[in-house]
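Structure data follow from coords.cif (mmCIF, C-alpha atoms):
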data_upload
loop_
_atom_site.label_atom_id
_atom_site.label_comp_id
_atom_site.auth_asym_id
_atom_site.auth_seq_id
_atom_site.Cartn_x
_atom_site.Cartn_y
_atom_site.Cartn_z
CA MET A 1 55.35 -1.08 -1.38
CA SER A 2 52.74 -2.52 0.97
CA GLU A 3 49.20 -1.54 1.67
CA VAL A 4 47.10 -2.28 4.76
CA PHE A 5 43.36 -2.74 4.58
CA ASN A 6 41.40 -2.35 7.76
CA GLY A 7 38.27 -4.32 8.47
CA GLN A 8 37.21 -6.96 5.94
CA VAL A 9 38.15 -7.60 2.32
CA THR A 10 35.76 -9.67 0.20
CA VAL A 11 35.87 -11.08 -3.31
CA GLY A 12 32.68 -12.01 -5.09
CA LYS A 13 31.46 -13.51 -8.33
CA ALA A 14 31.54 -11.17 -11.30
CA ALA A 15 28.01 -11.98 -12.43
CA SER A 16 26.13 -12.11 -9.16
CA GLY A 17 28.45 -10.43 -6.71
CA ASP A 18 28.04 -13.37 -4.28
CA VAL A 19 30.98 -13.40 -1.84
CA THR A 20 33.23 -16.43 -2.24
CA ILE A 21 36.42 -15.18 -0.52
CA SER A 22 36.54 -13.21 2.68
CA LEU A 23 39.54 -11.90 4.64
CA ASN A 24 38.45 -10.63 8.01
CA GLY A 25 41.05 -8.46 9.75
CA GLU A 26 39.06 -8.20 12.97
CA ASN A 27 39.13 -11.93 13.84
CA GLY A 28 41.96 -13.06 11.56
CA ASP A 29 39.77 -15.43 9.55
CA ALA A 30 40.07 -16.34 5.89
CA THR A 31 36.99 -17.90 4.37
CA LEU A 32 36.90 -19.53 0.91
CA GLY A 33 33.82 -20.86 -0.81
CA GLY A 34 30.12 -20.58 -0.25
CA SER A 35 27.47 -19.21 -2.58
CA ASN A 36 27.40 -22.54 -4.42
CA SER A 37 31.21 -22.56 -4.78
CA ASP A 38 33.72 -24.92 -3.17
CA GLY A 39 36.51 -23.24 -1.26
CA ASP A 40 39.85 -24.75 -2.28
CA LEU A 41 43.32 -23.62 -1.29
CA LYS A 42 46.14 -24.77 -3.52
CA LEU A 43 49.83 -24.30 -2.76
CA THR A 44 52.22 -24.78 -5.66
CA ASP A 45 55.96 -25.18 -6.02
CA SER A 46 58.17 -22.95 -8.14
CA SER A 47 57.25 -24.97 -11.23
CA GLY A 48 53.54 -24.44 -10.73
CA ASN A 49 52.86 -27.98 -9.48
CA VAL A 50 50.15 -28.22 -6.82
CA ARG A 51 51.86 -29.72 -3.75
CA ILE A 52 49.19 -29.12 -1.10
CA ASN A 53 45.49 -28.94 -1.90
CA LEU A 54 42.90 -28.07 0.75
CA ASN A 55 39.64 -29.16 -0.87
CA GLY A 56 36.64 -27.55 0.83
CA GLY A 57 34.08 -29.41 -1.25
CA GLY A 58 35.76 -32.79 -0.77
CA ASN A 59 36.64 -32.12 2.85
CA SER A 60 40.18 -33.37 2.32
CA ILE A 61 43.81 -32.32 2.35
CA THR A 62 46.06 -33.83 -0.32
CA PHE A 63 49.84 -33.73 -0.48
CA SER A 64 51.50 -34.46 -3.84
CA ASN A 65 55.04 -34.89 -5.12
CA ALA A 66 56.57 -32.95 -8.01
CA ALA A 67 55.12 -35.44 -10.49
CA GLY A 68 51.61 -34.83 -9.22
CA GLU A 69 51.36 -38.22 -7.44
CA THR A 70 49.47 -38.27 -4.14
CA ILE A 71 51.75 -39.09 -1.23
CA ALA A 72 49.46 -38.27 1.73
CA THR A 73 45.78 -37.57 2.27
CA ILE A 74 43.54 -36.62 5.14
CA GLY A 75 40.09 -37.54 3.96
CA SER A 76 36.47 -36.80 4.83
CA ASN A 77 36.21 -40.37 6.17
CA GLY A 78 38.58 -39.48 8.99
CA ASN A 79 41.45 -41.53 7.58
CA LEU A 80 45.05 -40.45 7.29
CA VAL A 81 46.91 -42.02 4.39
CA LEU A 82 50.67 -41.58 4.05
CA GLY A 83 52.93 -42.71 1.22
CA GLY A 84 52.47 -43.93 -2.30
CA GLY A 85 53.70 -42.42 -5.53
CA ALA A 86 57.22 -43.83 -4.98
CA SER A 87 57.27 -42.34 -1.46
CA ASP A 88 56.99 -44.34 1.76
CA GLY A 89 54.68 -42.92 4.41
CA ASP A 90 56.39 -42.46 7.77
CA LEU A 91 54.99 -40.96 10.94
CA THR A 92 57.27 -39.80 13.78
CA ILE A 93 56.12 -38.44 17.12
CA LYS A 94 58.73 -36.83 19.40
CA ASP A 95 58.75 -35.77 23.02
CA SER A 96 59.68 -32.34 24.32
CA SER A 97 63.37 -33.32 24.25
CA ASN A 98 63.18 -34.07 20.52
CA GLN A 99 63.51 -37.80 21.21
CA ASN A 100 61.56 -40.15 18.94
CA ARG A 101 58.87 -41.88 21.04
CA LEU A 102 56.65 -43.35 18.30
CA THR A 103 57.56 -44.14 14.70
CA VAL A 104 55.45 -45.70 11.97
CA ASP A 105 57.58 -46.86 9.04
CA GLY A 106 55.41 -47.29 5.97
CA ASN A 107 58.15 -48.72 3.76
CA ASN A 108 59.16 -51.45 6.21
CA ALA A 109 55.71 -51.91 7.78
CA ARG A 110 56.94 -51.38 11.33
CA LEU A 111 55.54 -49.59 14.35
CA ARG A 112 57.93 -48.87 17.19
CA MET A 113 57.77 -47.17 20.57
CA PHE A 114 60.81 -45.90 22.46
CA ASN A 115 61.61 -44.89 26.02
CA ALA A 116 63.06 -41.49 26.93
CA THR A 117 66.62 -42.67 26.21
CA GLY A 118 65.79 -44.01 22.75
CA GLY A 119 65.55 -47.69 23.69
CA GLN A 120 62.92 -49.71 21.82
CA ILE A 121 60.21 -51.03 24.17
CA VAL A 122 57.44 -51.98 21.70
CA SER A 123 57.73 -53.33 18.18
CA LEU A 124 55.11 -54.43 15.70
CA GLY A 125 56.94 -55.71 12.65
CA ASP A 126 56.26 -56.74 9.09
CA ASN A 127 56.80 -60.38 10.18
CA GLY A 128 53.51 -60.25 12.07
CA ASN A 129 55.21 -60.32 15.48
CA ILE A 130 54.48 -58.04 18.41
CA THR A 131 57.27 -57.46 20.92
CA LEU A 132 56.56 -55.69 24.19
CA GLY A 133 58.95 -54.78 26.99
CA GLY A 134 62.67 -54.88 27.56
CA LEU A 135 65.20 -52.21 28.65
CA GLY A 136 63.91 -52.22 32.21
CA MET A 137 60.23 -52.31 31.24
CA ASP A 138 57.99 -55.36 31.31
CA GLY A 139 55.55 -55.80 28.45
CA ASP A 140 51.96 -56.31 29.63
CA VAL A 141 48.73 -56.71 27.67
CA THR A 142 45.38 -56.05 29.34
CA LEU A 143 41.96 -56.63 27.76
CA ARG A 144 38.86 -55.13 29.38
CA ASP A 145 35.15 -55.64 28.98
CA ASP A 146 32.68 -52.89 28.14
CA THR A 147 32.54 -51.83 31.79
CA GLY A 148 36.30 -51.32 31.98
CA ALA A 149 36.96 -54.42 34.12
CA ASP A 150 40.12 -56.43 33.37
CA THR A 151 39.26 -59.86 31.93
CA VAL A 152 42.51 -60.94 30.22
CA ARG A 153 45.96 -60.06 31.53
CA MET A 154 49.32 -61.06 30.04
CA ASN A 155 52.17 -60.18 32.40
CA GLY A 156 55.53 -59.99 30.67
CA GLN A 157 57.51 -59.65 33.90
CA GLU A 158 56.06 -62.76 35.54
CA GLY A 159 55.41 -64.69 32.33
CA ASN A 160 51.79 -65.25 33.34
CA MET A 161 48.50 -65.07 31.50
CA THR A 162 45.31 -64.66 33.54
CA LEU A 163 41.83 -65.04 32.10
CA GLY A 164 38.61 -64.17 33.89
CA GLY A 165 37.81 -62.54 37.19
CA ASN A 166 35.67 -59.46 37.86
CA GLY A 167 32.54 -61.54 37.45
CA LYS A 168 33.76 -63.32 34.30
CA ASP A 169 35.04 -66.91 34.12
CA GLY A 170 38.15 -67.43 32.01
CA ASP A 171 37.71 -70.10 29.34
CA ILE A 172 40.04 -71.34 26.63
CA TRP A 173 38.58 -72.90 23.47
CA LEU A 174 40.63 -74.71 20.84
CA LYS A 175 38.95 -75.47 17.53
CA ASP A 176 39.86 -77.80 14.67
CA ALA A 177 40.30 -76.75 11.04
CA ASN A 178 36.53 -76.93 10.52
CA GLY A 179 35.81 -74.60 13.43
CA GLU A 180 34.50 -77.35 15.70
CA ASN A 181 35.36 -77.22 19.41
CA SER A 182 37.97 -79.84 20.31
CA VAL A 183 39.42 -78.58 23.64
CA HIS A 184 37.63 -76.53 26.29
CA LEU A 185 39.26 -75.39 29.53
CA ASP A 186 36.47 -74.06 31.73
CA GLY A 187 37.77 -71.66 34.38
CA ASN A 188 34.46 -71.38 36.22
CA GLN A 189 33.91 -75.13 36.64
CA ALA A 190 37.63 -76.03 36.71
CA ASN A 191 36.96 -78.68 34.04
CA LEU A 192 38.95 -79.75 30.99
CA PHE A 193 36.95 -81.09 28.05
CA MET A 194 38.70 -82.73 25.09
CA GLY A 195 37.46 -84.48 21.96
CA GLY A 196 34.05 -84.85 20.38
CA ASN A 197 32.92 -83.72 16.91
CA GLY A 198 34.68 -86.69 15.32
CA ARG A 199 37.87 -86.39 17.38
CA ASP A 200 38.97 -88.37 20.42
CA GLY A 201 40.52 -86.41 23.27
CA ASP A 202 43.87 -87.88 24.32
CA ILE A 203 46.47 -86.79 26.86
CA ALA A 204 50.03 -88.08 26.36
CA LEU A 205 52.87 -87.47 28.83
CA PHE A 206 56.48 -88.05 27.75
CA ALA A 207 59.69 -88.62 29.68
CA ALA A 208 62.39 -85.93 29.58
CA SER A 209 64.63 -88.36 27.71
CA GLU A 210 62.14 -88.73 24.83
CA ASN A 211 63.37 -86.63 21.91
CA ASN A 212 60.93 -85.38 19.25
CA PRO A 213 57.95 -87.57 20.18
CA ALA A 214 56.08 -86.08 17.17
CA ASP A 215 52.67 -86.66 18.75
CA ASP A 216 53.37 -90.43 18.88
CA ALA A 217 51.35 -91.58 21.90
CA ALA A 218 53.07 -94.99 21.72
CA LYS A 219 56.19 -93.28 23.11
CA ALA A 220 54.32 -91.74 26.04
CA THR A 221 54.92 -92.94 29.58
CA ILE A 222 51.27 -92.14 30.37
CA HIS A 223 48.53 -92.10 27.73
CA LEU A 224 44.88 -91.28 28.40
CA ASN A 225 42.98 -92.50 25.34
CA GLY A 226 39.66 -90.71 25.07
CA ASP A 227 38.35 -92.87 22.21
CA ALA A 228 38.99 -96.21 23.90
CA GLY A 229 38.43 -94.95 27.43
CA ASP A 230 41.78 -96.43 28.50
CA ILE A 231 44.58 -95.25 30.76
CA ILE A 232 47.78 -96.68 29.30
CA LEU A 233 50.91 -96.79 31.48
CA ARG A 234 54.28 -97.79 30.05
CA ASN A 235 55.50 -99.04 33.44
CA ALA A 236 54.50 -102.38 34.86
CA ASP A 237 52.97 -102.59 38.32
CA CYS A 238 50.69 -100.87 40.78
CA ALA A 239 52.55 -100.30 44.04
CA GLU A 240 51.84 -98.78 47.44
CA GLU A 241 54.38 -97.28 49.78
CA PHE A 242 55.03 -98.82 53.21
CA THR A 243 57.44 -97.77 55.94
CA ALA A 244 60.54 -99.85 56.53
CA ALA A 245 62.30 -100.30 59.84
CA PRO A 246 65.31 -97.99 60.18
CA MET A 247 68.65 -99.15 58.82
CA THR A 248 67.24 -102.12 56.90
CA GLY A 249 69.17 -101.29 53.72
CA ALA A 250 66.21 -102.48 51.63
CA GLU A 251 66.46 -102.12 47.83
CA PRO A 252 64.19 -102.67 44.80
CA GLY A 253 63.72 -106.39 44.19
CA ASP A 254 63.95 -107.35 47.88
CA VAL A 255 61.26 -109.57 49.40
CA MET A 256 59.86 -107.82 52.48
CA VAL A 257 58.08 -109.01 55.62
CA LEU A 258 56.49 -107.19 58.56
CA ASP A 259 58.10 -107.07 62.01
CA ASP A 260 56.35 -106.93 65.37
CA GLU A 261 55.95 -103.15 65.01
CA GLY A 262 54.29 -103.44 61.61
CA LEU A 263 57.36 -102.07 59.84
CA MET A 264 58.99 -103.73 56.83
CA ARG A 265 62.34 -105.48 56.68
CA PRO A 266 63.88 -107.92 54.20
CA CYS A 267 62.82 -111.52 54.71
CA ASP A 268 65.23 -114.05 56.29
CA VAL A 269 62.89 -116.97 57.07
CA ALA A 270 61.52 -119.53 54.59
CA PHE A 271 57.74 -119.66 54.12
CA ASP A 272 57.22 -116.52 56.22
CA LYS A 273 53.51 -115.71 56.34
CA ARG A 274 54.30 -112.14 57.36
CA THR A 275 55.50 -111.38 53.84
CA ILE A 276 54.06 -108.24 52.32
CA GLY A 277 55.62 -108.52 48.87
CA VAL A 278 58.48 -107.19 46.73
CA ILE A 279 59.91 -103.68 46.54
CA SER A 280 59.02 -102.37 43.08
CA GLY A 281 61.44 -100.82 40.59
CA ALA A 282 64.19 -103.40 40.06
CA ASP A 283 65.69 -104.28 36.67
CA LEU A 284 63.14 -104.37 33.80
CA TYR A 285 60.02 -103.10 35.52
CA LYS A 286 59.17 -99.82 37.23
CA PRO A 287 55.94 -98.98 39.05
CA GLY A 288 53.24 -97.46 36.86
CA ILE A 289 51.10 -96.34 39.81
CA ILE A 290 52.33 -95.55 43.32
CA LEU A 291 49.77 -95.17 46.11
CA ASP A 292 50.12 -93.47 49.50
CA ARG A 293 53.31 -91.60 48.60
CA GLN A 294 54.40 -89.39 51.49
CA ASP A 295 57.54 -87.47 50.52
CA ASP A 296 57.92 -85.97 53.99
CA MET A 297 58.50 -89.42 55.56
CA GLU A 298 61.75 -91.40 55.48
CA ASP A 299 62.31 -95.11 54.85
CA ARG A 300 59.29 -95.49 52.56
CA HIS A 301 59.39 -98.07 49.75
CA PRO A 302 56.80 -99.01 47.07
CA ILE A 303 55.57 -102.60 47.41
CA ALA A 304 54.13 -104.14 44.23
CA LEU A 305 50.46 -105.01 44.70
CA VAL A 306 49.41 -105.89 41.14
CA GLY A 307 51.31 -106.59 37.92
CA LYS A 308 54.84 -107.60 37.04
CA VAL A 309 57.91 -107.00 39.20
CA CYS A 310 61.49 -108.27 39.28
CA VAL A 311 62.52 -110.11 42.45
CA ARG A 312 65.77 -111.49 43.86
CA VAL A 313 65.70 -115.32 43.91
CA THR A 314 67.84 -118.18 45.21
CA ASP A 315 67.91 -121.93 44.57
CA GLU A 316 67.37 -122.76 48.26
CA ASN A 317 64.34 -124.93 47.39
CA GLY A 318 65.59 -126.05 43.96
CA PRO A 319 65.30 -124.59 40.45
CA ILE A 320 62.43 -122.24 39.63
CA ARG A 321 60.37 -122.96 36.53
CA ILE A 322 58.01 -120.68 34.64
CA GLY A 323 54.64 -120.84 36.38
CA ASP A 324 56.06 -121.90 39.78
CA LEU A 325 54.83 -120.14 42.87
CA VAL A 326 57.57 -118.38 44.82
CA THR A 327 57.79 -117.60 48.54
CA THR A 328 60.25 -116.19 51.07
CA SER A 329 63.59 -117.88 51.63
CA SER A 330 66.08 -117.85 54.50
CA LYS A 331 68.49 -115.82 52.32
CA THR A 332 67.94 -112.17 53.22
CA GLY A 333 65.59 -110.43 50.80
CA HIS A 334 65.37 -113.40 48.39
CA ALA A 335 62.51 -115.55 47.15
CA MET A 336 62.62 -119.28 46.36
CA ALA A 337 60.42 -121.89 44.74
CA ALA A 338 57.42 -122.64 46.97
CA GLY A 339 57.39 -126.38 46.17
CA ASP A 340 54.94 -127.54 48.89
CA ASP A 341 51.77 -125.55 48.13
CA ALA A 342 50.20 -126.37 51.48
CA LYS A 343 53.27 -125.23 53.39
CA ALA A 344 53.55 -122.07 51.28
CA PHE A 345 49.90 -121.09 51.69
CA GLY A 346 49.77 -117.56 53.11
CA ALA A 347 53.41 -116.93 52.19
CA VAL A 348 53.18 -116.97 48.38
CA ILE A 349 54.51 -113.82 46.70
CA GLY A 350 53.77 -114.52 43.05
CA LYS A 351 54.23 -116.71 39.98
CA ALA A 352 57.51 -117.01 38.06
CA LEU A 353 57.65 -115.65 34.51
CA LYS A 354 61.18 -116.95 33.84
CA ASN A 355 63.27 -120.00 34.73
CA HIS A 356 66.05 -119.84 37.30
CA GLU A 357 68.38 -122.83 37.47
CA ALA A 358 70.90 -122.34 40.25
CA GLY A 359 72.53 -119.82 42.59
CA ASP A 360 71.22 -116.33 43.16
CA GLY A 361 69.70 -114.07 40.54
CA MET A 362 66.72 -111.95 39.58
CA ILE A 363 63.64 -112.95 37.61
CA PRO A 364 60.31 -111.35 36.74
CA ILE A 365 57.19 -112.57 38.49
CA VAL A 366 53.53 -111.63 38.40
CA ILE A 367 52.31 -110.60 41.84
CA ALA A 368 49.90 -113.10 43.40
CA LEU A 369 49.89 -112.77 47.16
CA GLN A 370 48.14 -115.77 48.74
#
Now, as a test, write the supplied structure out as structure tokens.
Amino acid sequence: MSEVFNGQVTVGKAASGDVTISLNGENGDATLGGSNSDGDLKLTDSSGNVRINLNGGGNSITFSNAAGETIATIGSNGNLVLGGGASDGDLTIKDSSNQNRLTVDGNNARLRMFNATGGQIVSLGDNGNITLGGLGMDGDVTLRDDTGADTVRMNGQEGNMTLGGNGKDGDIWLKDANGENSVHLDGNQANLFMGGNGRDGDIALFAASENNPADDAAKATIHLNGDAGDIILRNADCAEEFTAAPMTGAEPGDVMVLDDEGLMRPCDVAFDKRTIGVISGADLYKPGIILDRQDDMEDRHPIALVGKVCVRVTDENGPIRIGDLVTTSSKTGHAMAAGDDAKAFGAVIGKALKNHEAGDGMIPIVIALQ
């Protein structure tokens, strides 16, 4: 048997008659509380256990398991808490096709986003990693200032990170364990600052063949030492490129002279005052600095200007001893002992750093054009 009440039904306190429950049929409202009473709504299971509690005084909704343990709350502080009481708190948001698009897994501490076909495109895992993109979507991150202008952009498709723009310069600061600045890349001034605050700023460049350099600057091919103010190059000489005459067949270690056109060719005259020096890069020593490199021009070779270089030698003017001056010989591309200093003046290439007894060979010299 059912009974219908039209209008409004109210329930009040026995002593005062103050209304604490109101069912309004006209607007479909149910009101609990008031008149110095909290309005709570409690839903129980078949065993009488409160499973859902709408607490008007505490401004909260609490969900409990059969043992009375709280497993989810929506609190007056605006927070949503899921899980606890032997239950993990999961949140799943689906699209209109019933496909999961966002899941929050409380037990495994994972947040995931999916595309319309169920493929994962964003993952924030319990390992502290964030993964964006994949499955035909690139993962981008954009940070904006308080005006809404983009200031930091990470482009997953291109693999680029852009800082600054829109009136802001993009800087990168690296700090040491004490929070002191040690590296500053200034996007506005295009400057790189390294060191200070008790640390020297070094730059070390390693060859591709160097395995596991482990921050050992001694293994670097180029080392800029901020503390000492030194530029340290593993290779030996400073060279500058010059153009050779076509079809000369010149190679590293050859002694070169200038022809009537100002182009280089291997020497073939003894004591030739047109000598320009030795092509760098033979045997033990490679150029540490190369000047005037022009990759778009052919027949260019680096001539050692300063430092050590290996040169082809012959015994045309007798044995070569350490400390002897060497000059051009009549053997193509070879140097020989200068012997007569007056005759060799203007044709000296350098000073021998190793003995050469007889025949042809290659020795190191220190460049000393004179």
Target residues per the PyMOL selection byres ((chain A and resi 123) around 10), formatted as a ChimeraX atom specification: /A:103,110-114,120-122,124-126,129-133
Protein, DNA and RNA residues within 9 Å of (31.4, -78.7, 14.4), all atoms listed in the file, as a ChimeraX atom specification: /A:175-176,178-182,196-198
Evaluate the PyMOL selection byres ((chain A and resi 70) around 10) against this structure - the residues, as a CSV table (one decimal) with C-alpha atoms, keeping the file's coordinate frame, please.
chain,number,residue,atom,x,y,z
A,51,ARG,CA,51.9,-29.7,-3.8
A,52,ILE,CA,49.2,-29.1,-1.1
A,62,THR,CA,46.1,-33.8,-0.3
A,63,PHE,CA,49.8,-33.7,-0.5
A,64,SER,CA,51.5,-34.5,-3.8
A,65,ASN,CA,55.0,-34.9,-5.1
A,66,ALA,CA,56.6,-33.0,-8.0
A,67,ALA,CA,55.1,-35.4,-10.5
A,68,GLY,CA,51.6,-34.8,-9.2
A,69,GLU,CA,51.4,-38.2,-7.4
A,71,ILE,CA,51.8,-39.1,-1.2
A,72,ALA,CA,49.5,-38.3,1.7
A,73,THR,CA,45.8,-37.6,2.3
A,81,VAL,CA,46.9,-42.0,4.4
A,82,LEU,CA,50.7,-41.6,4.0
A,83,GLY,CA,52.9,-42.7,1.2
A,84,GLY,CA,52.5,-43.9,-2.3
A,85,GLY,CA,53.7,-42.4,-5.5
A,86,ALA,CA,57.2,-43.8,-5.0
A,87,SER,CA,57.3,-42.3,-1.5
Nearest candidate to A:Asn235 (options A:Ser35, A:Thr142, A:Thr92, A:Ser280; using all atoms listed in the file):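 Ranked by minimum distance to A:Asn235, first place goes to A:Ser280.
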Expected selection from the PyMOL selection byres ((chain A and resi 319-327) around 9), given as a PyMOL selection string: chain A and resi 255+270-272+275+313-318+328-329+334-339+341+344+347-359+365+368
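Take the candidates A:Gly226, A:Ser22, A:Thr221, A:Thr44 and check each one against A:Ser209 using all atoms listed in the file; the shortest distance goes to A:Thr221.
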One-decimal distance in Å that lies between atom CA of A:Asp88 and atom CA of A:Asp105: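 Answer for the atom CA of A:Asp105 to atom CA of A:Asp88 separation: 7.7 Å.
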Give the padded box for stretch 142-155 of chain A as lines of an AutoDock Vina configuration file: axis-aligned, covering all atoms listed in the file, 8 Å on each side, centre and edge lengths in Å to one decimal.
center_x = 42.4
center_y = -56.2
center_z = 30.9
size_x = 35.6
size_y = 25.7
size_z = 22.4
One-decimal distance in Å that lies between atom CA of A:Asp299 and atom CA of A:Ala250: 8.9 Å
Selection near A:Gln99, 7 Å with only C-alpha atoms, sequence-local residues under 2 positions removed, as a ChimeraX atom specification: /A:94-95,97,101,116,118
Between atom CA of A:Cys310 and atom CA of A:Gly288, distance in Å (one decimal): 13.8 Å
Ref. answer, residues at most 9 Å from (41.6, -59.8, 31.7) with all atoms listed in the file, as a list of chain:residue names: A:Val141, A:Thr142, A:Leu143, A:Arg144, A:Asp145, A:Ala149, A:Asp150, A:Thr151, A:Val152, A:Arg153, A:Met154, A:Met161, A:Thr162, A:Leu163, A:Gly164, A:Gly165, A:Asn166, A:Lys168, A:Gly170
Would you kindly place N, CA and C atoms on stretch 164-175 of chain A and return the model as a PDB file, in the coordinates of the input?
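That gives us rebuild-v7.pdb:
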ATOM      1  N   GLY A 164      39.771 -64.167  33.014  1.00  0.00           N
ATOM      2  CA  GLY A 164      38.610 -64.170  33.890  1.00  0.00           C
ATOM      3  C   GLY A 164      38.788 -63.270  35.085  1.00  0.00           C
ATOM      4  N   GLY A 165      37.865 -63.412  36.034  1.00  0.00           N
ATOM      5  CA  GLY A 165      37.810 -62.540  37.190  1.00  0.00           C
ATOM      6  C   GLY A 165      36.854 -61.387  36.940  1.00  0.00           C
ATOM      7  N   ASN A 166      36.594 -60.597  37.979  1.00  0.00           N
ATOM      8  CA  ASN A 166      35.670 -59.460  37.860  1.00  0.00           C
ATOM      9  C   ASN A 166      34.308 -59.898  37.326  1.00  0.00           C
ATOM     10  N   GLY A 167      33.856 -61.045  37.849  1.00  0.00           N
ATOM     11  CA  GLY A 167      32.540 -61.540  37.450  1.00  0.00           C
ATOM     12  C   GLY A 167      32.521 -62.348  36.172  1.00  0.00           C
ATOM     13  N   LYS A 168      33.693 -62.556  35.552  1.00  0.00           N
ATOM     14  CA  LYS A 168      33.760 -63.320  34.300  1.00  0.00           C
ATOM     15  C   LYS A 168      34.627 -64.560  34.517  1.00  0.00           C
ATOM     16  N   ASP A 169      34.178 -65.725  34.035  1.00  0.00           N
ATOM     17  CA  ASP A 169      35.040 -66.910  34.120  1.00  0.00           C
ATOM     18  C   ASP A 169      35.952 -66.923  32.896  1.00  0.00           C
ATOM     19  N   GLY A 170      37.174 -67.393  33.094  1.00  0.00           N
ATOM     20  CA  GLY A 170      38.150 -67.430  32.010  1.00  0.00           C
ATOM     21  C   GLY A 170      38.158 -68.792  31.334  1.00  0.00           C
ATOM     22  N   ASP A 171      37.743 -68.853  30.101  1.00  0.00           N
ATOM     23  CA  ASP A 171      37.710 -70.100  29.340  1.00  0.00           C
ATOM     24  C   ASP A 171      38.709 -70.042  28.194  1.00  0.00           C
ATOM     25  N   ILE A 172      39.208 -71.207  27.816  1.00  0.00           N
ATOM     26  CA  ILE A 172      40.040 -71.340  26.630  1.00  0.00           C
ATOM     27  C   ILE A 172      39.375 -72.373  25.722  1.00  0.00           C
ATOM     28  N   TRP A 173      39.163 -72.007  24.470  1.00  0.00           N
ATOM     29  CA  TRP A 173      38.580 -72.900  23.470  1.00  0.00           C
ATOM     30  C   TRP A 173      39.591 -73.115  22.356  1.00  0.00           C
ATOM     31  N   LEU A 174      39.827 -74.364  22.015  1.00  0.00           N
ATOM     32  CA  LEU A 174      40.630 -74.710  20.840  1.00  0.00           C
ATOM     33  C   LEU A 174      39.719 -75.378  19.822  1.00  0.00           C
ATOM     34  N   LYS A 175      39.806 -74.929  18.581  1.00  0.00           N
ATOM     35  CA  LYS A 175      38.950 -75.470  17.530  1.00  0.00           C
ATOM     36  C   LYS A 175      39.792 -76.185  16.479  1.00  0.00           C
TER      37      LYS A 175
END
